[in-house]
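Next up, entry_39.cif (mmCIF, C-alpha atoms):
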```cif
data_protein
#
loop_
_atom_site.label_atom_id
_atom_site.label_comp_id
_atom_site.auth_asym_id
_atom_site.auth_seq_id
_atom_site.Cartn_x
_atom_site.Cartn_y
_atom_site.Cartn_z
CA MET B 1 97.41 29.89 183.50
CA GLU B 2 94.92 32.40 184.93
CA GLU B 3 93.10 34.43 182.31
CA GLN B 4 93.71 38.16 182.24
CA ARG B 5 90.75 40.38 182.99
CA PRO B 6 88.68 40.84 179.83
CA ALA B 7 89.25 44.23 178.22
CA VAL B 8 86.59 46.38 176.59
CA TYR B 9 87.67 49.36 174.50
CA VAL B 10 84.98 52.02 174.10
CA ILE B 11 85.43 54.29 171.08
CA ASP B 12 82.87 57.11 171.08
CA ASP B 13 83.26 60.85 170.62
CA ASP B 14 80.65 61.55 173.33
CA PRO B 15 82.44 61.83 176.73
CA SER B 16 79.23 61.08 178.64
CA VAL B 17 78.85 57.78 176.76
CA ARG B 18 82.46 56.81 177.47
CA GLU B 19 82.17 57.70 181.14
CA GLY B 20 78.85 55.89 181.56
CA LEU B 21 80.09 52.72 179.89
CA ASP B 22 83.36 52.84 181.81
CA SER B 23 81.45 52.93 185.10
CA LEU B 24 79.07 50.16 184.03
CA LEU B 25 81.74 47.82 182.71
CA ARG B 26 84.15 48.29 185.60
CA SER B 27 81.33 47.52 188.02
CA ILE B 28 81.12 43.98 186.64
CA GLY B 29 84.85 43.36 186.48
CA TYR B 30 85.93 44.36 182.98
CA GLU B 31 89.09 46.32 182.27
CA THR B 32 88.00 49.31 180.21
CA ARG B 33 89.58 52.16 178.30
CA GLY B 34 87.76 54.97 176.49
CA PHE B 35 88.85 56.68 173.27
CA ALA B 36 87.35 59.69 171.52
CA SER B 37 88.22 58.37 168.05
CA PRO B 38 89.70 55.39 166.19
CA ARG B 39 92.86 57.46 165.69
CA ASP B 40 93.30 57.65 169.48
CA PHE B 41 92.76 53.91 169.83
CA LEU B 42 95.27 52.67 167.25
CA PRO B 43 98.51 53.40 169.18
CA HIS B 44 97.12 51.78 172.34
CA PRO B 45 98.67 48.37 173.09
CA ARG B 46 96.22 45.49 172.79
CA SER B 47 95.45 43.35 175.83
CA GLU B 48 96.93 39.84 175.73
CA GLY B 49 93.69 38.48 177.15
CA PRO B 50 90.21 38.43 175.61
CA ALA B 51 89.07 41.84 174.36
CA CYS B 52 86.45 43.57 172.26
CA ILE B 53 85.60 47.04 170.97
CA VAL B 54 82.38 48.97 171.60
CA LEU B 55 82.38 51.34 168.64
CA ASP B 56 80.19 54.29 167.68
CA VAL B 57 79.24 54.28 164.00
CA ARG B 58 79.41 58.03 163.40
CA MET B 59 82.25 60.18 164.70
CA PRO B 60 83.66 63.52 163.48
CA ASP B 61 86.94 62.26 162.07
CA ALA B 62 86.09 58.70 161.01
CA SER B 63 83.29 56.28 160.28
CA GLY B 64 83.10 53.28 162.59
CA LEU B 65 82.34 51.11 159.58
CA ASP B 66 85.44 52.35 157.75
CA PHE B 67 87.48 51.72 160.90
CA GLN B 68 86.14 48.16 160.99
CA ASP B 69 87.36 47.70 157.41
CA ALA B 70 90.75 49.22 158.28
CA LEU B 71 91.23 46.84 161.22
CA ALA B 72 90.44 43.89 158.96
CA ARG B 73 93.02 45.05 156.41
CA ARG B 74 95.62 45.26 159.19
CA GLY B 75 94.82 41.70 160.23
CA HIS B 76 93.22 42.64 163.56
CA SER B 77 90.45 40.21 164.48
CA ILE B 78 89.14 41.92 167.62
CA PRO B 79 85.31 41.55 167.83
CA ILE B 80 83.24 44.72 167.53
CA VAL B 81 79.91 45.76 169.04
CA PHE B 82 78.49 48.79 167.21
CA LEU B 83 76.48 51.59 168.81
CA THR B 84 74.64 54.25 166.85
CA GLY B 85 72.01 56.90 167.24
CA HIS B 86 71.47 57.18 163.50
CA GLY B 87 71.55 53.62 162.23
CA ASP B 88 69.80 52.22 159.23
CA VAL B 89 69.40 48.81 157.65
CA PRO B 90 72.25 49.13 155.08
CA MET B 91 74.63 50.17 157.88
CA SER B 92 73.72 47.23 160.08
CA VAL B 93 73.91 44.79 157.17
CA ARG B 94 77.37 46.07 156.19
CA ALA B 95 78.60 45.86 159.79
CA MET B 96 77.27 42.34 160.38
CA LYS B 97 78.58 41.04 157.06
CA ALA B 98 82.02 42.35 158.03
CA GLY B 99 81.89 40.36 161.26
CA ALA B 100 80.33 42.69 163.84
CA VAL B 101 78.90 40.90 166.85
CA GLU B 102 75.95 43.25 167.34
CA PHE B 103 74.53 46.55 166.07
CA LEU B 104 72.67 48.42 168.83
CA LEU B 105 70.64 51.60 168.48
CA LYS B 106 70.94 54.34 171.10
CA PRO B 107 69.34 54.47 173.58
CA PHE B 108 69.99 50.78 174.22
CA ARG B 109 69.18 48.51 177.14
CA GLU B 110 72.21 47.92 179.34
CA GLN B 111 71.50 44.20 179.36
CA ASP B 112 71.49 44.05 175.56
CA LEU B 113 74.91 45.68 175.51
CA LEU B 114 76.28 43.42 178.24
CA ASP B 115 74.98 40.35 176.41
CA ALA B 116 76.67 41.51 173.19
CA ILE B 117 79.95 42.18 175.01
CA ARG B 118 79.89 38.74 176.65
CA GLN B 119 79.36 37.17 173.22
CA ALA B 120 82.19 39.23 171.73
CA LEU B 121 84.57 38.26 174.52
CA GLU B 122 83.72 34.58 174.14
CA ILE B 123 84.50 34.85 170.42
CA ASP B 124 87.88 36.36 171.29
CA ARG B 125 88.53 33.68 173.91
CA ALA B 126 87.93 31.03 171.25
CA ARG B 127 90.42 32.82 168.95
CA LEU B 128 93.04 32.90 171.70
CA ARG B 129 92.55 29.20 172.46
CA LYS B 130 92.90 28.36 168.78
CA GLU B 131 96.08 30.44 168.43
CA ALA B 132 97.59 28.89 171.56
CA ALA B 133 96.84 25.38 170.30
CA ALA B 134 98.40 26.18 166.91
CA ALA B 135 101.51 27.62 168.56
CA ASP B 136 101.86 24.52 170.73
CA LEU B 137 101.49 22.27 167.69
CA HIS B 138 104.17 24.20 165.78
CA GLU B 139 106.45 24.00 168.81
CA ARG B 140 106.11 20.19 168.92
CA PHE B 141 106.74 19.95 165.19
CA SER B 142 109.91 22.03 165.53
CA THR B 143 111.43 19.29 167.73
CA LEU B 144 111.30 16.71 164.92
CA THR B 145 114.38 15.92 162.88
CA PRO B 146 114.17 16.28 159.08
CA ARG B 147 113.81 12.50 158.75
CA GLU B 148 111.05 12.40 161.37
CA ARG B 149 109.21 15.15 159.53
CA GLU B 150 109.50 13.13 156.35
CA VAL B 151 108.10 10.05 158.07
CA MET B 152 105.26 12.07 159.60
CA ALA B 153 104.35 13.46 156.21
CA LEU B 154 104.19 9.97 154.72
CA VAL B 155 102.11 8.66 157.62
CA ALA B 156 99.75 11.58 156.99
CA ARG B 157 99.38 10.38 153.41
CA GLY B 158 98.21 7.03 154.75
CA LEU B 159 101.31 4.95 153.97
CA LEU B 160 102.18 1.87 156.04
CA ASN B 161 105.65 1.32 157.51
CA LYS B 162 106.59 -1.02 154.68
CA GLN B 163 105.49 1.51 152.07
CA ILE B 164 107.32 4.35 153.83
CA ALA B 165 110.48 2.23 153.95
CA ALA B 166 110.31 1.68 150.21
CA GLU B 167 109.53 5.34 149.59
CA ILE B 168 112.57 6.75 151.42
CA GLY B 169 114.99 3.84 151.19
CA LEU B 170 115.13 2.75 154.83
CA SER B 171 114.51 -0.56 156.57
CA GLU B 172 111.04 -1.12 157.96
CA ILE B 173 112.48 -1.40 161.49
CA THR B 174 114.18 1.99 161.13
CA VAL B 175 110.94 3.52 159.90
CA LYS B 176 109.15 2.06 162.91
CA VAL B 177 111.69 3.70 165.23
CA HIS B 178 111.27 7.08 163.51
CA ARG B 179 107.50 6.74 163.61
CA GLY B 180 107.62 6.00 167.34
CA GLN B 181 109.74 9.09 167.91
CA VAL B 182 107.27 11.17 165.93
CA MET B 183 104.34 9.88 168.00
CA ARG B 184 106.20 10.62 171.23
CA LYS B 185 107.43 14.11 170.30
CA MET B 186 104.08 15.16 168.84
CA ARG B 187 102.28 13.62 171.84
CA ALA B 188 99.89 11.82 169.52
CA ASP B 189 97.68 9.15 171.13
CA SER B 190 96.96 7.40 167.84
CA VAL B 191 97.72 7.50 164.13
CA ALA B 192 94.40 9.28 163.58
CA ASP B 193 95.49 11.90 166.12
CA LEU B 194 98.80 12.33 164.28
CA ILE B 195 97.01 12.70 160.96
CA ARG B 196 94.82 15.46 162.43
CA MET B 197 97.95 17.24 163.60
CA ALA B 198 99.54 16.89 160.18
CA ASP B 199 96.39 18.30 158.62
CA GLY B 200 96.57 21.29 160.96
CA LEU B 201 100.17 21.86 159.91
CA LYS B 202 99.39 21.25 156.21
CA ILE B 203 102.12 18.60 156.16
CA ALA B 204 100.45 16.25 153.69
CA GLU B 205 100.22 19.05 151.11
CA ALA B 206 103.85 19.99 151.76
CA ALA B 207 104.86 16.35 151.31
CA ASP B 208 103.18 16.19 147.91
CA GLU B 209 104.97 19.38 146.84
CA SER B 210 108.35 18.19 148.14
CA LYS B 211 107.95 14.86 146.35
CA ALA B 212 107.44 16.71 143.09
CA ASN B 213 110.39 19.03 143.81
CA GLY B 214 112.69 16.41 145.32
CA THR B 215 113.02 18.31 148.62
CA THR B 216 112.38 17.56 152.28
CA PRO B 217 108.77 18.28 153.30
CA ARG B 218 108.17 21.26 155.55
CA MET B 219 105.09 22.54 157.27
CA ARG B 220 103.25 25.50 155.83
CA THR B 221 103.08 28.69 157.83
#
```
For the structure just supplied, provide its representation as structure tokens.
Amino acid sequence: MEEQRPAVYVIDDDPSVREGLDSLLRSIGYETRGFASPRDFLPHPRSEGPACIVLDVRMPDASGLDFQDALARRGHSIPIVFLTGHGDVPMSVRAMKAGAVEFLLKPFREQDLLDAIRQALEIDRARLRKEAAAADLHERFSTLTPREREVMALVARGLLNKQIAAEIGLSEITVKVHRGQVMRKMRADSVADLIRMADGLKIAEAADESKANGTTPRMRT
């Protein structure tokens, strides 16, 4: 699937800054949108492709640093590049500790900003790849029957077919059939591969809990 154009959201109360960055970023192929304040940005729908925010630290109605904290509380993980004309060390430390990609002082070199934006977009690409892989893994897991999930959980705990058969009261041949189905549906190339998948789904932990509770193991979400 072709990647959507990277999006850069510029939040700055200075119209000349927004216009200048819009022109610069569009000239190299980014999709851009300018906002005068965080309040204006919040209702805007987020791009489904890689994106980042270029955010002024000081604005009339909100602090960029406080907005960064608010986004984190809402569960938004969009990378942020800070711009400021009045920065200081405590500000930059707070921003970077909270996950900012860069903290640039105005006037800044265009190349420094472009480098920071490229880094921020690559961070967001990595997040999107990770989320897509997790969604695909959950989709595969959803195709397993309850018995196949149980077998997968026991394989993840390191049990052999004979041990699994004794654990759940089936014949070893039946366990082997279920295990084969699990490998096929999960598209696992090896037992080690299946164990890594189970770890990603937290199945082994769920199996331990279900054993204690006498229930069928389920993945954690």
Using all atoms listed in the file, find the one residue out of B:Asp56, B:Glu167, B:Asp193, B:Asp136 that sits nearest to Asp14 of chain B. B:Asp56
For a test of reading the model, state the distance in Å between atom CA of Val81 of chain B and atom CA of Phe41 of chain B, rounded to one decimal.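 Straight-line distance from atom CA of Val81 of chain B to atom CA of Phe41 of chain B works out to 15.2 Å.
Note on the selection: in this file the PyMOL selection byres ((chain B and resi 10) around 6) comes out as Tyr9, Ile11, Gly34, Ile53 and Val54 of chain B.
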Which residues would end up in the selection if the PyMOL selection byres ((chain B and resi 76) around 12) were applied here, given that I need the answer as a short mmCIF file (atom, residue, chain, number, x, y, z; two decimals) with C-alpha atoms, in the frame of the given file?
```cif
data_model
loop_
_atom_site.label_atom_id
_atom_site.label_comp_id
_atom_site.auth_asym_id
_atom_site.auth_seq_id
_atom_site.Cartn_x
_atom_site.Cartn_y
_atom_site.Cartn_z
CA LEU B 42 95.27 52.67 167.25
CA ARG B 46 96.22 45.49 172.79
CA ALA B 51 89.07 41.84 174.36
CA CYS B 52 86.45 43.57 172.26
CA ILE B 53 85.60 47.04 170.97
CA PHE B 67 87.48 51.72 160.90
CA GLN B 68 86.14 48.16 160.99
CA ASP B 69 87.36 47.70 157.41
CA ALA B 70 90.75 49.22 158.28
CA LEU B 71 91.23 46.84 161.22
CA ALA B 72 90.44 43.89 158.96
CA ARG B 73 93.02 45.05 156.41
CA ARG B 74 95.62 45.26 159.19
CA GLY B 75 94.82 41.70 160.23
CA SER B 77 90.45 40.21 164.48
CA ILE B 78 89.14 41.92 167.62
CA PRO B 79 85.31 41.55 167.83
CA ILE B 80 83.24 44.72 167.53
CA GLY B 99 81.89 40.36 161.26
CA ASP B 124 87.88 36.36 171.29
CA ARG B 127 90.42 32.82 168.95
#
```
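Minimum atom-to-atom distances from B:Leu154, B:Ala188, B:Val93, B:Leu128 to Ser47 of chain B were compared using all atoms listed in the file, and the lowest value belongs to B:Leu128.
The closest residue to Arg187 of chain B, picked from B:Ala165, B:Thr143, B:Leu160, B:Val155 and counting only C-alpha atoms, is B:Thr143.
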If the PyMOL selection byres ((chain B and resi 100-112) around 7) were run on this exact file, what residues would it hold? Put them as JSON, numbers by chain. {"B": [79, 80, 81, 82, 83, 84, 85, 87, 92, 95, 96, 98, 99, 113, 114, 115, 116, 120]}
Applying 10 Å and only C-alpha atoms, which residues near segment 170-175 of chain B remain after dropping the ones on its own chain fewer than 4 positions away? List them as a list of chain:residue names. B:Arg147, B:Glu148, B:Val151, B:Leu160, B:Asn161, B:Lys162, B:Gln163, B:Ile164, B:Ala165, B:Ala166, B:Arg179, B:Gly180, B:Gln181
Rounded to one decimal place, report the atom CA of Met152 of chain B-atom CA of Gly169 of chain B distance in Å. 15.3 Å
To one decimal place, how far is atom CA of Ala153 of chain B from atom CA of Glu131 of chain B in Å?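 These two atoms are separated by 22.5 Å.
Candidate residues B:Arg157, B:Arg94, B:Arg58, B:Arg26 were compared for distance to Val191 of chain B, and the nearest is B:Arg157, using only C-alpha atoms.
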Using all atoms of segment 17-33 of chain B listed in the file and a margin of 6 Å per side, can you give the axis-aligned box centre and edge lengths in Å to one decimal, as lines of an AutoDock Vina configuration file?
```
center_x = 84.2
center_y = 50.6
center_z = 182.4
size_x = 22.7
size_y = 26.4
size_z = 23.3
```
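Using only C-alpha atoms, the shortest contact distance between Glu122 of chain B and any of B:Gly49, B:Thr32, B:Ala198, B:Asp22 is found at B:Gly49.
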Using only C-alpha atoms for the distances, tell me which of B:Pro6, B:Ala36, B:Pro90, B:Gly64 is nearest to Arg118 of chain B. B:Pro6
Could you pull segment 64-85 of chain B out of the block above and save it with C-alpha atoms, as a CSV table (one decimal), in the first residue's frame?
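Final file, part29.csv:
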```
chain,number,residue,atom,x,y,z
B,64,GLY,CA,3.1,24.6,24.0
B,65,LEU,CA,4.5,22.6,26.8
B,66,ASP,CA,1.1,22.3,28.5
B,67,PHE,CA,-0.4,21.3,25.2
B,68,GLN,CA,2.3,18.6,24.9
B,69,ASP,CA,1.2,17.3,28.3
B,70,ALA,CA,-2.5,17.4,27.3
B,71,LEU,CA,-1.9,15.4,24.1
B,72,ALA,CA,0.0,12.8,26.2
B,73,ARG,CA,-3.0,12.5,28.6
B,74,ARG,CA,-5.3,12.0,25.7
B,75,GLY,CA,-3.1,9.2,24.4
B,76,HIS,CA,-1.9,11.0,21.3
B,77,SER,CA,1.6,10.0,20.3
B,78,ILE,CA,2.2,12.4,17.5
B,79,PRO,CA,5.9,13.6,17.5
B,80,ILE,CA,6.5,17.3,18.3
B,81,VAL,CA,9.2,19.7,17.1
B,82,PHE,CA,9.3,22.8,19.3
B,83,LEU,CA,10.1,26.4,18.1
B,84,THR,CA,10.6,29.3,20.5
B,85,GLY,CA,12.0,32.8,20.5
```
